[in-house]
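Asks: I'm passing along protein.pdb; it holds PDB, C-alpha atoms.
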```
ATOM      1  CA  MET B   1     -38.334  72.427 -21.610
ATOM      2  CA  ALA B   2     -37.023  73.104 -25.067
ATOM      3  CA  ARG B   3     -38.381  74.859 -28.114
ATOM      4  CA  ILE B   4     -38.114  72.611 -31.124
ATOM      5  CA  ALA B   5     -38.371  74.198 -34.535
ATOM      6  CA  VAL B   6     -37.932  73.118 -38.125
ATOM      7  CA  ASP B   7     -36.102  75.311 -40.598
ATOM      8  CA  ARG B   8     -37.494  74.005 -43.868
ATOM      9  CA  GLU B   9     -35.273  76.161 -46.055
ATOM     10  CA  ASN B  10     -32.035  74.906 -44.519
ATOM     11  CA  ARG B  11     -33.487  71.445 -43.768
ATOM     12  CA  LEU B  12     -32.559  71.764 -40.083
ATOM     13  CA  LEU B  13     -34.159  70.723 -36.828
ATOM     14  CA  THR B  14     -33.251  73.001 -33.935
ATOM     15  CA  ALA B  15     -33.815  72.629 -30.210
ATOM     16  CA  GLU B  16     -33.306  75.740 -28.088
ATOM     17  CA  PHE B  17     -32.840  75.454 -24.346
ATOM     18  CA  GLU B  18     -33.576  78.434 -22.177
ATOM     19  CA  GLY B  19     -32.913  79.573 -18.625
ATOM     20  CA  LEU B  20     -31.930  76.828 -16.210
ATOM     21  CA  ASP B  21     -32.468  74.085 -18.769
ATOM     22  CA  LYS B  22     -29.509  75.484 -20.636
ATOM     23  CA  LEU B  23     -27.473  75.051 -17.467
ATOM     24  CA  TRP B  24     -28.655  71.511 -16.661
ATOM     25  CA  ALA B  25     -28.052  70.288 -20.175
ATOM     26  CA  VAL B  26     -24.801  72.225 -20.756
ATOM     27  CA  LYS B  27     -26.187  73.182 -24.132
ATOM     28  CA  SER B  28     -28.117  76.159 -25.361
ATOM     29  CA  ARG B  29     -28.927  74.832 -28.800
ATOM     30  CA  LEU B  30     -28.847  71.643 -30.849
ATOM     31  CA  GLU B  31     -28.896  71.661 -34.638
ATOM     32  CA  ILE B  32     -29.578  68.481 -36.561
ATOM     33  CA  PRO B  33     -29.921  68.187 -40.348
ATOM     34  CA  LEU B  34     -33.428  66.847 -41.099
ATOM     35  CA  ALA B  35     -31.812  64.171 -43.264
ATOM     36  CA  HIS B  36     -30.355  62.702 -40.067
ATOM     37  CA  VAL B  37     -33.690  62.623 -38.222
ATOM     38  CA  ARG B  38     -35.364  59.202 -38.434
ATOM     39  CA  GLY B  39     -38.500  60.008 -36.473
ATOM     40  CA  ALA B  40     -40.100  61.520 -33.391
ATOM     41  CA  THR B  41     -42.334  59.856 -30.809
ATOM     42  CA  HIS B  42     -44.182  61.147 -27.750
ATOM     43  CA  ASP B  43     -42.944  58.654 -25.149
ATOM     44  CA  PRO B  44     -43.594  59.380 -21.440
ATOM     45  CA  GLY B  45     -42.354  55.870 -20.533
ATOM     46  CA  MET B  46     -38.858  56.637 -21.833
ATOM     47  CA  ALA B  47     -38.023  58.388 -18.565
ATOM     48  CA  ARG B  48     -38.227  55.085 -16.668
ATOM     49  CA  GLU B  49     -35.443  53.554 -18.766
ATOM     50  CA  PRO B  50     -32.011  53.232 -17.159
ATOM     51  CA  LYS B  51     -30.058  56.350 -18.068
ATOM     52  CA  GLY B  52     -26.597  54.813 -18.292
ATOM     53  CA  ILE B  53     -23.459  56.801 -17.618
ATOM     54  CA  ARG B  54     -23.534  60.570 -17.485
ATOM     55  CA  VAL B  55     -20.860  62.110 -19.682
ATOM     56  CA  ALA B  56     -21.827  65.706 -19.023
ATOM     57  CA  GLY B  57     -24.800  67.436 -17.493
ATOM     58  CA  THR B  58     -27.082  66.927 -14.532
ATOM     59  CA  HIS B  59     -28.949  63.956 -13.145
ATOM     60  CA  PHE B  60     -31.121  64.244 -10.053
ATOM     61  CA  PRO B  61     -33.174  61.058 -10.383
ATOM     62  CA  GLY B  62     -36.868  61.885 -10.494
ATOM     63  CA  VAL B  63     -36.186  65.606 -10.801
ATOM     64  CA  VAL B  64     -34.116  66.392 -13.846
ATOM     65  CA  THR B  65     -32.181  64.394 -16.406
ATOM     66  CA  ALA B  66     -30.172  66.601 -18.684
ATOM     67  CA  GLY B  67     -27.022  66.380 -20.715
ATOM     68  CA  ARG B  68     -25.062  63.663 -22.450
ATOM     69  CA  PHE B  69     -25.367  60.017 -21.434
ATOM     70  CA  ARG B  70     -23.970  56.744 -22.759
ATOM     71  CA  ARG B  71     -25.593  53.371 -22.458
ATOM     72  CA  GLY B  72     -24.907  50.061 -24.240
ATOM     73  CA  GLY B  73     -22.777  51.745 -26.887
ATOM     74  CA  GLU B  74     -25.475  54.334 -27.609
ATOM     75  CA  ARG B  75     -25.207  58.070 -27.040
ATOM     76  CA  PHE B  76     -28.159  59.986 -25.651
ATOM     77  CA  PHE B  77     -28.987  63.613 -25.136
ATOM     78  CA  TRP B  78     -31.518  64.191 -22.370
ATOM     79  CA  SER B  79     -33.379  67.302 -21.246
ATOM     80  CA  VAL B  80     -36.373  66.161 -19.222
ATOM     81  CA  LYS B  81     -38.018  67.205 -15.977
ATOM     82  CA  ASN B  82     -41.613  66.199 -16.688
ATOM     83  CA  PRO B  83     -41.622  62.746 -18.361
ATOM     84  CA  GLU B  84     -45.227  63.229 -19.549
ATOM     85  CA  LYS B  85     -43.932  65.753 -22.064
ATOM     86  CA  ALA B  86     -40.900  63.803 -23.293
ATOM     87  CA  VAL B  87     -40.371  63.368 -27.027
ATOM     88  CA  VAL B  88     -37.866  60.817 -28.339
ATOM     89  CA  ILE B  89     -36.074  61.839 -31.528
ATOM     90  CA  GLU B  90     -34.187  59.019 -33.223
ATOM     91  CA  LEU B  91     -31.147  60.073 -35.246
ATOM     92  CA  ALA B  92     -29.115  58.464 -38.016
ATOM     93  CA  ASP B  93     -25.842  56.704 -37.251
ATOM     94  CA  ASP B  94     -23.590  59.545 -38.334
ATOM     95  CA  GLU B  95     -24.967  62.029 -35.771
ATOM     96  CA  SER B  96     -23.180  62.683 -32.474
ATOM     97  CA  TYR B  97     -26.180  61.265 -30.603
ATOM     98  CA  ASP B  98     -28.221  58.156 -31.304
ATOM     99  CA  ARG B  99     -31.283  59.495 -29.527
ATOM    100  CA  LEU B 100     -32.538  62.797 -28.109
ATOM    101  CA  VAL B 101     -35.028  62.770 -25.258
ATOM    102  CA  ILE B 102     -36.393  66.289 -24.899
ATOM    103  CA  GLU B 103     -39.226  67.797 -22.918
ATOM    104  CA  VAL B 104     -41.402  70.138 -24.944
ATOM    105  CA  ASP B 105     -44.454  72.217 -24.167
ATOM    106  CA  ASP B 106     -46.768  70.406 -26.605
ATOM    107  CA  PRO B 107     -45.513  66.889 -27.481
ATOM    108  CA  ARG B 108     -48.335  66.207 -29.950
ATOM    109  CA  ALA B 109     -47.643  69.375 -31.927
ATOM    110  CA  THR B 110     -43.881  68.812 -31.826
ATOM    111  CA  VAL B 111     -44.144  65.248 -33.113
ATOM    112  CA  ALA B 112     -46.512  66.395 -35.888
ATOM    113  CA  LEU B 113     -44.123  69.229 -36.821
ATOM    114  CA  ILE B 114     -41.164  66.851 -37.150
ATOM    115  CA  GLU B 115     -43.106  64.115 -38.949
ATOM    116  CA  ASN B 116     -44.539  66.576 -41.446
ATOM    117  CA  ALA B 117     -41.072  67.921 -42.138
ATOM    118  CA  LEU B 118     -39.788  64.379 -42.729
ATOM    119  CA  THR B 119     -42.670  63.423 -45.005
ATOM    120  CA  ARG B 120     -42.334  66.662 -47.030
TER     121      ARG B 120
ATOM    122  CA  MET Y 121     -23.140  51.675 -32.582
ATOM    123  CA  GLY Y 122     -26.040  49.583 -31.332
ATOM    124  CA  ARG Y 123     -25.853  45.927 -30.462
ATOM    125  CA  PRO Y 124     -26.947  43.368 -33.032
ATOM    126  CA  ARG Y 125     -30.660  42.731 -33.282
ATOM    127  CA  ALA Y 126     -31.699  39.792 -31.168
ATOM    128  CA  PHE Y 127     -35.351  39.628 -32.140
ATOM    129  CA  ASP Y 128     -37.630  38.695 -34.987
ATOM    130  CA  ALA Y 129     -38.632  41.992 -36.604
ATOM    131  CA  ASP Y 130     -41.533  40.402 -38.559
ATOM    132  CA  GLN Y 131     -42.980  38.936 -35.385
ATOM    133  CA  ALA Y 132     -42.639  42.332 -33.677
ATOM    134  CA  VAL Y 133     -44.427  44.036 -36.569
ATOM    135  CA  SER Y 134     -47.395  41.631 -36.450
ATOM    136  CA  THR Y 135     -47.658  41.977 -32.688
ATOM    137  CA  ALA Y 136     -47.620  45.771 -33.119
ATOM    138  CA  ALA Y 137     -50.247  45.510 -35.889
ATOM    139  CA  ALA Y 138     -52.594  43.629 -33.564
ATOM    140  CA  LEU Y 139     -52.115  46.279 -30.851
ATOM    141  CA  PHE Y 140     -52.729  49.164 -33.259
ATOM    142  CA  ALA Y 141     -55.787  47.326 -34.625
ATOM    143  CA  THR Y 142     -57.198  46.893 -31.134
ATOM    144  CA  HIS Y 143     -56.361  50.180 -29.445
ATOM    145  CA  GLY Y 144     -55.758  52.555 -32.335
ATOM    146  CA  TYR Y 145     -52.591  54.552 -32.991
ATOM    147  CA  GLU Y 146     -52.956  57.079 -30.183
ATOM    148  CA  GLY Y 147     -54.231  54.402 -27.829
ATOM    149  CA  THR Y 148     -51.084  52.309 -28.253
ATOM    150  CA  SER Y 149     -48.147  53.686 -26.257
ATOM    151  CA  VAL Y 150     -44.493  52.806 -26.652
ATOM    152  CA  ASP Y 151     -44.845  51.126 -23.237
ATOM    153  CA  ASP Y 152     -47.594  48.899 -24.710
ATOM    154  CA  LEU Y 153     -45.401  48.063 -27.710
ATOM    155  CA  VAL Y 154     -42.381  47.277 -25.537
ATOM    156  CA  ALA Y 155     -44.459  45.069 -23.206
ATOM    157  CA  ALA Y 156     -46.235  43.157 -25.999
ATOM    158  CA  THR Y 157     -43.243  42.603 -28.279
ATOM    159  CA  GLY Y 158     -40.728  41.983 -25.500
ATOM    160  CA  ILE Y 159     -38.251  44.130 -27.416
ATOM    161  CA  HIS Y 160     -36.122  46.679 -25.606
ATOM    162  CA  ARG Y 161     -37.184  50.252 -26.139
ATOM    163  CA  GLY Y 162     -33.751  51.129 -27.542
ATOM    164  CA  SER Y 163     -33.940  48.344 -30.142
ATOM    165  CA  LEU Y 164     -37.444  49.413 -31.112
ATOM    166  CA  TYR Y 165     -36.200  52.943 -31.816
ATOM    167  CA  LYS Y 166     -33.021  51.685 -33.458
ATOM    168  CA  VAL Y 167     -34.868  49.445 -35.903
ATOM    169  CA  PHE Y 168     -38.052  51.419 -36.617
ATOM    170  CA  GLY Y 169     -37.053  54.999 -35.769
ATOM    171  CA  SER Y 170     -40.427  55.998 -34.337
ATOM    172  CA  LYS Y 171     -43.870  54.743 -33.398
ATOM    173  CA  ARG Y 172     -45.122  56.214 -36.675
ATOM    174  CA  ASN Y 173     -42.632  54.194 -38.737
ATOM    175  CA  LEU Y 174     -43.572  51.021 -36.880
ATOM    176  CA  HIS Y 175     -47.250  51.758 -37.608
ATOM    177  CA  LEU Y 176     -46.495  52.358 -41.306
ATOM    178  CA  THR Y 177     -44.537  49.091 -41.449
ATOM    179  CA  ALA Y 178     -47.417  47.252 -39.776
ATOM    180  CA  LEU Y 179     -49.910  48.772 -42.217
ATOM    181  CA  ARG Y 180     -47.760  47.792 -45.229
ATOM    182  CA  GLY Y 181     -47.508  44.240 -43.864
ATOM    183  CA  HIS Y 182     -51.282  44.121 -43.380
ATOM    184  CA  LEU Y 183     -51.758  45.185 -47.017
ATOM    185  CA  ASP Y 184     -49.255  42.651 -48.380
ATOM    186  CA  HIS Y 185     -50.121  39.643 -46.248
ATOM    187  CA  GLU Y 186     -53.832  40.048 -45.630
ATOM    188  CA  ILE Y 187     -55.582  42.649 -47.789
ATOM    189  CA  ARG Y 188     -54.088  41.702 -51.185
ATOM    190  CA  PRO Y 189     -54.596  37.915 -50.761
ATOM    191  CA  ALA Y 190     -58.188  38.604 -49.655
ATOM    192  CA  ALA Y 191     -58.698  40.831 -52.695
ATOM    193  CA  ALA Y 192     -57.316  38.111 -55.003
ATOM    194  CA  ALA Y 193     -59.779  35.585 -53.561
ATOM    195  CA  ILE Y 194     -62.674  38.026 -54.043
ATOM    196  CA  ALA Y 195     -61.605  38.802 -57.613
ATOM    197  CA  ALA Y 196     -61.918  35.091 -58.450
ATOM    198  CA  LEU Y 197     -65.659  35.211 -57.699
ATOM    199  CA  THR Y 198     -67.980  36.357 -60.488
ATOM    200  CA  HIS Y 199     -71.320  35.909 -58.734
ATOM    201  CA  PRO Y 200     -72.159  39.379 -57.330
ATOM    202  CA  GLY Y 201     -73.829  38.186 -54.130
ATOM    203  CA  ARG Y 202     -71.080  35.706 -53.358
ATOM    204  CA  ALA Y 203     -68.324  38.212 -54.088
ATOM    205  CA  THR Y 204     -69.902  40.799 -51.780
ATOM    206  CA  ALA Y 205     -70.431  38.252 -49.014
ATOM    207  CA  ALA Y 206     -66.830  37.061 -49.350
ATOM    208  CA  ALA Y 207     -65.622  40.647 -49.220
ATOM    209  CA  VAL Y 208     -67.556  41.426 -46.054
ATOM    210  CA  ALA Y 209     -66.396  38.172 -44.467
ATOM    211  CA  SER Y 210     -62.746  38.334 -45.447
ATOM    212  CA  PHE Y 211     -61.742  41.866 -46.320
ATOM    213  CA  ASP Y 212     -59.616  43.212 -43.495
ATOM    214  CA  GLY Y 213     -60.358  39.934 -41.742
ATOM    215  CA  GLY Y 214     -56.807  38.752 -40.887
ATOM    216  CA  PRO Y 215     -54.990  38.828 -37.555
ATOM    217  CA  ALA Y 216     -54.659  42.611 -37.797
ATOM    218  CA  ALA Y 217     -58.329  43.034 -38.747
ATOM    219  CA  GLY Y 218     -59.444  46.600 -38.388
ATOM    220  CA  LEU Y 219     -55.970  48.088 -38.826
ATOM    221  CA  LEU Y 220     -56.882  49.459 -42.249
ATOM    222  CA  LEU Y 221     -60.221  50.887 -41.087
ATOM    223  CA  LEU Y 222     -58.723  52.441 -37.961
ATOM    224  CA  ALA Y 223     -55.828  53.876 -39.954
ATOM    225  CA  ALA Y 224     -58.340  55.352 -42.406
ATOM    226  CA  ALA Y 225     -60.354  57.022 -39.653
ATOM    227  CA  GLU Y 226     -57.598  58.009 -37.232
ATOM    228  CA  ARG Y 227     -54.360  58.626 -39.109
ATOM    229  CA  ALA Y 228     -55.085  59.139 -42.809
ATOM    230  CA  PRO Y 229     -56.471  62.685 -42.346
ATOM    231  CA  HIS Y 230     -53.172  63.776 -40.711
ATOM    232  CA  ASP Y 231     -50.592  61.600 -42.425
ATOM    233  CA  PRO Y 232     -50.228  61.510 -46.214
ATOM    234  CA  GLU Y 233     -48.250  58.243 -46.120
ATOM    235  CA  VAL Y 234     -51.001  56.504 -44.168
ATOM    236  CA  ALA Y 235     -53.553  58.043 -46.535
ATOM    237  CA  ALA Y 236     -51.692  56.575 -49.527
ATOM    238  CA  LEU Y 237     -51.585  53.084 -47.981
ATOM    239  CA  VAL Y 238     -55.258  53.247 -47.035
ATOM    240  CA  ALA Y 239     -56.082  54.318 -50.608
ATOM    241  CA  GLU Y 240     -54.132  51.287 -51.886
ATOM    242  CA  GLY Y 241     -56.133  48.976 -49.665
ATOM    243  CA  PHE Y 242     -59.445  50.476 -50.738
ATOM    244  CA  ALA Y 243     -58.409  50.345 -54.408
ATOM    245  CA  ALA Y 244     -57.525  46.652 -54.053
ATOM    246  CA  LEU Y 245     -61.050  45.982 -52.788
ATOM    247  CA  GLU Y 246     -62.647  48.026 -55.573
ATOM    248  CA  ASP Y 247     -60.617  46.253 -58.253
ATOM    249  CA  ALA Y 248     -61.445  42.872 -56.745
ATOM    250  CA  LEU Y 249     -65.165  43.638 -56.924
ATOM    251  CA  ARG Y 250     -64.990  44.763 -60.549
ATOM    252  CA  ALA Y 251     -65.166  41.166 -61.839
ATOM    253  CA  SER Y 252     -68.540  40.664 -60.161
ATOM    254  CA  HIS Y 253     -70.014  44.173 -60.070
ATOM    255  CA  GLY Y 254     -68.478  46.058 -62.984
ATOM    256  CA  ASP Y 255     -68.947  49.817 -62.765
ATOM    257  CA  ALA Y 256     -70.816  49.517 -59.471
ATOM    258  CA  ALA Y 257     -67.628  48.221 -57.790
ATOM    259  CA  PRO Y 258     -66.752  51.507 -55.981
ATOM    260  CA  GLU Y 259     -70.217  51.735 -54.423
ATOM    261  CA  VAL Y 260     -70.173  48.084 -53.408
ATOM    262  CA  ALA Y 261     -66.692  48.564 -51.929
ATOM    263  CA  SER Y 262     -67.991  51.430 -49.784
ATOM    264  CA  THR Y 263     -70.862  49.217 -48.634
ATOM    265  CA  VAL Y 264     -68.420  46.425 -47.748
ATOM    266  CA  LEU Y 265     -66.254  48.828 -45.718
ATOM    267  CA  GLY Y 266     -69.344  50.143 -43.950
ATOM    268  CA  ALA Y 267     -70.367  46.577 -43.155
ATOM    269  CA  ARG Y 268     -66.871  45.857 -41.785
ATOM    270  CA  LEU Y 269     -67.180  48.932 -39.578
ATOM    271  CA  ARG Y 270     -70.539  47.758 -38.247
ATOM    272  CA  LEU Y 271     -69.130  44.301 -37.572
ATOM    273  CA  ARG Y 272     -66.255  45.879 -35.684
ATOM    274  CA  ALA Y 273     -68.705  47.845 -33.596
ATOM    275  CA  GLY Y 274     -70.343  44.544 -32.703
ATOM    276  CA  LEU Y 275     -73.403  45.268 -34.838
ATOM    277  CA  THR Y 276     -74.532  42.676 -37.358
ATOM    278  CA  ALA Y 277     -74.104  43.408 -41.034
ATOM    279  CA  SER Y 278     -77.258  44.123 -42.957
ATOM    280  CA  LYS Y 279     -79.137  40.949 -43.941
ATOM    281  CA  GLU Y 280     -78.902  41.462 -47.696
ATOM    282  CA  HIS Y 281     -75.162  40.721 -47.510
TER     283      HIS Y 281
END
```
Transcribe the structure of this file into structure tokens.

Replies:
Amino acid sequence: MARIAVDRENRLLTAEFEGLDKLWAVKSRLEIPLAHVRGATHDPGMAREPKGIRVAGTHFPGVVTAGRFRRGGERFFWSVKNPEKAVVIELADDESYDRLVIEVDDPRATVALIENALTR
Amino acid sequence: MGRPRAFDADQAVSTAAALFATHGYEGTSVDDLVAATGIHRGSLYKVFGSKRNLHLTALRGHLDHEIRPAAAAIAALTHPGRATAAAVASFDGGPAAGLLLLAAAERAPHDPEVAALVAEGFAALEDALRASHGDAAPEVASTVLGARLRLRAGLTASKEH
């Protein structure tokens, strides 16, 4: 589970990982300029996609997928235990990841938060 | 970077439009979109960015390819009764019929970009009815949209139209 927030003043999207999630994902925080965020989608089905090759992090299939993965030339950041709460955040080409797949407490609210920030 | 696109984006957008028009925005999952379009999930995200962007693209396409041509045909009619009947029969009547109405009810209150597109669609109808109804065009447009909604619900439109 991550806490996703939008810093409107600095035009930043931040994802904070706490407790064990920090350990699984080998990250405590991601910061992405809003200009590099293309959109956010609540997508429980994403978790059934092949994960590709793990670059760093943890993958116990069906339990936790966390960390950096590569697949078909694309770079993913995963932090998901419960697929029902997975949000897919698509990033622009010049980011270090193509796509973030992050579990959040309230996917509907998170998607609305990001979309509102993008629409301005 | 991603692999080259190996699909017809326009075809994908119209397939998505039909899904959104049938099941609504919330009722259409990314799984549904992937299954119906046959496009890989990754390519869908790569090209459209999000389900919302795909929905906006579908709504724009619906306006350009179905709503505006329908409005032009209605604007060519000067007989009030005929213009109204044509509007009820054809407005929002294309392959993605209902997309505009559903977007108006479901997404417009939460999404200013959807609200703007819906307003464009409604304005096109109002302007089209001006030739036949003059200043009463906005009221007639509301009646037409109400009739479309009743038709969608499977109820017959009121006899006078």

Asks: Counting all atoms listed in the file, what are the residues of chain B within 9 Å of chain Y, and for each of them which pair of atoms is the nearest and at what distance in Å, to one decimal? Sort the table by chain and rising number, as JSON lines.

Replies:
```
{"residue": "B:Val37", "atom": "CA", "partner": "Y:Gly169", "partner_atom": "CA", "distance": 8.7}
{"residue": "B:Arg38", "atom": "CA", "partner": "Y:Gly169", "partner_atom": "CA", "distance": 5.3}
{"residue": "B:Gly39", "atom": "CA", "partner": "Y:Ser170", "partner_atom": "CA", "distance": 4.9}
{"residue": "B:Ala40", "atom": "CA", "partner": "Y:Ser170", "partner_atom": "CA", "distance": 5.6}
{"residue": "B:Thr41", "atom": "CA", "partner": "Y:Ser170", "partner_atom": "CA", "distance": 5.6}
{"residue": "B:His42", "atom": "CA", "partner": "Y:Val150", "partner_atom": "CA", "distance": 8.4}
{"residue": "B:Asp43", "atom": "CA", "partner": "Y:Val150", "partner_atom": "CA", "distance": 6.2}
{"residue": "B:Pro44", "atom": "CA", "partner": "Y:Val150", "partner_atom": "CA", "distance": 8.4}
{"residue": "B:Gly45", "atom": "CA", "partner": "Y:Asp151", "partner_atom": "CA", "distance": 6.0}
{"residue": "B:Met46", "atom": "CA", "partner": "Y:Arg161", "partner_atom": "CA", "distance": 7.9}
{"residue": "B:Glu49", "atom": "CA", "partner": "Y:Arg161", "partner_atom": "CA", "distance": 8.3}
{"residue": "B:Gly72", "atom": "CA", "partner": "Y:Gly122", "partner_atom": "CA", "distance": 7.2}
{"residue": "B:Gly73", "atom": "CA", "partner": "Y:Met121", "partner_atom": "CA", "distance": 5.7}
{"residue": "B:Glu74", "atom": "CA", "partner": "Y:Gly122", "partner_atom": "CA", "distance": 6.1}
{"residue": "B:Arg75", "atom": "CA", "partner": "Y:Met121", "partner_atom": "CA", "distance": 8.7}
{"residue": "B:Val88", "atom": "CA", "partner": "Y:Ser170", "partner_atom": "CA", "distance": 8.1}
{"residue": "B:Ile89", "atom": "CA", "partner": "Y:Ser170", "partner_atom": "CA", "distance": 7.8}
{"residue": "B:Glu90", "atom": "CA", "partner": "Y:Gly169", "partner_atom": "CA", "distance": 5.6}
{"residue": "B:Leu91", "atom": "CA", "partner": "Y:Gly169", "partner_atom": "CA", "distance": 7.8}
{"residue": "B:Ala92", "atom": "CA", "partner": "Y:Gly169", "partner_atom": "CA", "distance": 8.9}
{"residue": "B:Asp93", "atom": "CA", "partner": "Y:Met121", "partner_atom": "CA", "distance": 7.4}
{"residue": "B:Asp98", "atom": "CA", "partner": "Y:Met121", "partner_atom": "CA", "distance": 8.3}
{"residue": "B:Arg99", "atom": "CA", "partner": "Y:Tyr165", "partner_atom": "CA", "distance": 8.5}
{"residue": "B:Ala112", "atom": "CA", "partner": "Y:His230", "partner_atom": "CA", "distance": 8.6}
{"residue": "B:Glu115", "atom": "CA", "partner": "Y:Arg172", "partner_atom": "CA", "distance": 8.5}
{"residue": "B:Asn116", "atom": "CA", "partner": "Y:Asp231", "partner_atom": "CA", "distance": 7.9}
{"residue": "B:Thr119", "atom": "CA", "partner": "Y:Glu233", "partner_atom": "CA", "distance": 7.7}
```

Asks: Generate the output file for the selected residues, C-alpha atoms, as an mmCIF file, in the coordinates of the input.

Replies:
```
data_model
loop_
_atom_site.group_PDB
_atom_site.id
_atom_site.type_symbol
_atom_site.label_atom_id
_atom_site.label_comp_id
_atom_site.auth_asym_id
_atom_site.auth_seq_id
_atom_site.Cartn_x
_atom_site.Cartn_y
_atom_site.Cartn_z
ATOM 1 C CA VAL B 37 -33.690 62.623 -38.222
ATOM 2 C CA ARG B 38 -35.364 59.202 -38.434
ATOM 3 C CA GLY B 39 -38.500 60.008 -36.473
ATOM 4 C CA ALA B 40 -40.100 61.520 -33.391
ATOM 5 C CA THR B 41 -42.334 59.856 -30.809
ATOM 6 C CA HIS B 42 -44.182 61.147 -27.750
ATOM 7 C CA ASP B 43 -42.944 58.654 -25.149
ATOM 8 C CA PRO B 44 -43.594 59.380 -21.440
ATOM 9 C CA GLY B 45 -42.354 55.870 -20.533
ATOM 10 C CA MET B 46 -38.858 56.637 -21.833
ATOM 11 C CA GLU B 49 -35.443 53.554 -18.766
ATOM 12 C CA GLY B 72 -24.907 50.061 -24.240
ATOM 13 C CA GLY B 73 -22.777 51.745 -26.887
ATOM 14 C CA GLU B 74 -25.475 54.334 -27.609
ATOM 15 C CA ARG B 75 -25.207 58.070 -27.040
ATOM 16 C CA VAL B 88 -37.866 60.817 -28.339
ATOM 17 C CA ILE B 89 -36.074 61.839 -31.528
ATOM 18 C CA GLU B 90 -34.187 59.019 -33.223
ATOM 19 C CA LEU B 91 -31.147 60.073 -35.246
ATOM 20 C CA ALA B 92 -29.115 58.464 -38.016
ATOM 21 C CA ASP B 93 -25.842 56.704 -37.251
ATOM 22 C CA ASP B 98 -28.221 58.156 -31.304
ATOM 23 C CA ARG B 99 -31.283 59.495 -29.527
ATOM 24 C CA ALA B 112 -46.512 66.395 -35.888
ATOM 25 C CA GLU B 115 -43.106 64.115 -38.949
ATOM 26 C CA ASN B 116 -44.539 66.576 -41.446
ATOM 27 C CA THR B 119 -42.670 63.423 -45.005
#
```

Asks: Using all atoms of segment 149-163 of chain Y that appear in the file, construct an axis-aligned enclosing box with 5 Å of padding on every side and provide its centre coordinates and edge lengths in Å, rounded to one decimal, as AutoDock Vina command-line options.

Replies:
```
--center_x -40.9 --center_y 47.8 --center_z -26.7 --size_x 24.4 --size_y 21.7 --size_z 16.9
```

Asks: Closest to Ala217 of chain Y among Y:Ala256, Y:Ala203, Y:Ala190, Y:Ala251, using all atoms listed in the file?

Replies: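 Using all atoms listed in the file, the shortest distance to Ala217 of chain Y belongs to Y:Ala190.
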
Asks: Can you tell me which residues surround Asp184 of chain Y at a distance of at most 12 Å, considering all atoms listed in the file, apart from same-chain residues fewer than 3 positions away, and format the answer as a PyMOL selection string?

Replies: chain Y and resi 177-181+187-192+212+214+216+220+237+240-241+244

Asks: Would you kindly return, as an NGL selection string, each protein, DNA or RNA residue with an atom no farther than 9 Å from any atom of segment 55-63 of chain B, considering all atoms listed in the file and excluding same-chain residues fewer than 2 positions away?

Replies: :B and (23-27 or 47 or 53 or 65-70 or 78 or 80-82)

Asks: Mind writing the picked residues with C-alpha atoms as an mmCIF file, in the coordinates of the input?

Replies:
```
data_model
loop_
_atom_site.group_PDB
_atom_site.id
_atom_site.type_symbol
_atom_site.label_atom_id
_atom_site.label_comp_id
_atom_site.auth_asym_id
_atom_site.auth_seq_id
_atom_site.Cartn_x
_atom_site.Cartn_y
_atom_site.Cartn_z
ATOM 1 C CA LEU B 23 -27.473 75.051 -17.467
ATOM 2 C CA TRP B 24 -28.655 71.511 -16.661
ATOM 3 C CA ALA B 25 -28.052 70.288 -20.175
ATOM 4 C CA VAL B 26 -24.801 72.225 -20.756
ATOM 5 C CA LYS B 27 -26.187 73.182 -24.132
ATOM 6 C CA ALA B 47 -38.023 58.388 -18.565
ATOM 7 C CA ILE B 53 -23.459 56.801 -17.618
ATOM 8 C CA THR B 65 -32.181 64.394 -16.406
ATOM 9 C CA ALA B 66 -30.172 66.601 -18.684
ATOM 10 C CA GLY B 67 -27.022 66.380 -20.715
ATOM 11 C CA ARG B 68 -25.062 63.663 -22.450
ATOM 12 C CA PHE B 69 -25.367 60.017 -21.434
ATOM 13 C CA ARG B 70 -23.970 56.744 -22.759
ATOM 14 C CA TRP B 78 -31.518 64.191 -22.370
ATOM 15 C CA VAL B 80 -36.373 66.161 -19.222
ATOM 16 C CA LYS B 81 -38.018 67.205 -15.977
ATOM 17 C CA ASN B 82 -41.613 66.199 -16.688
#
```

Asks: State, in Å with one decimal place, the distance from atom CA of Ile32 of chain B to atom CA of Val104 of chain B.

Replies: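 It comes out at 16.7 Å.
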
Asks: Taking the file as I've supplied it (selection: the PyMOL selection byres ((chain B and resi 17) around 9)), which residues are included? Please answer as a list in words.

Replies: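 Applied to this file, the PyMOL selection byres ((chain B and resi 17) around 9) selects Met1, Ala2, Arg3, Ala15, Glu16, Glu18, Gly19, Leu20, Asp21, Lys22, Leu23, Ala25, Lys27, Ser28, Arg29, Leu30 and Ser79 of chain B.
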
Asks: For Asp105 of chain B, find every residue with an atom within 7 Å (counting only C-alpha atoms), except residues of its own chain fewer than 2 positions away, and show them as a compact mmCIF listing (two decimals) with C-alpha atoms, in the coordinates of the input.

Replies:
```txt
# COMPACT_ATOMS: atom_id res chain seq x y z
CA MET B 1 -38.33 72.43 -21.61
CA LYS B 85 -43.93 65.75 -22.06
CA GLU B 103 -39.23 67.80 -22.92
CA PRO B 107 -45.51 66.89 -27.48
```

Asks: Run through the PyMOL selection byres ((chain Y and resi 206-209) around 8) on the given coordinates and return the selected residues as a PyMOL selection string.

Replies: chain Y and resi 190-191+194+202-205+210-211+213+245+264-265+267-268+281

Asks: Determine the nearest neighbour of Leu13 of chain B from the options B:Ala117, B:Pro83, B:Pro50, B:Ala109, counting all atoms listed in the file.

Replies: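 Looking only at the distances to Leu13 of chain B, the closest residue turns out to be B:Ala117.
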
Asks: Quick one: residues within 9 Å of Phe140 of chain Y, only C-alpha atoms, excluding same-chain residues fewer than 5 positions away - as a PyMOL selection string?

Replies: chain Y and resi 135+145-148+175+178+216+218-219+222-223
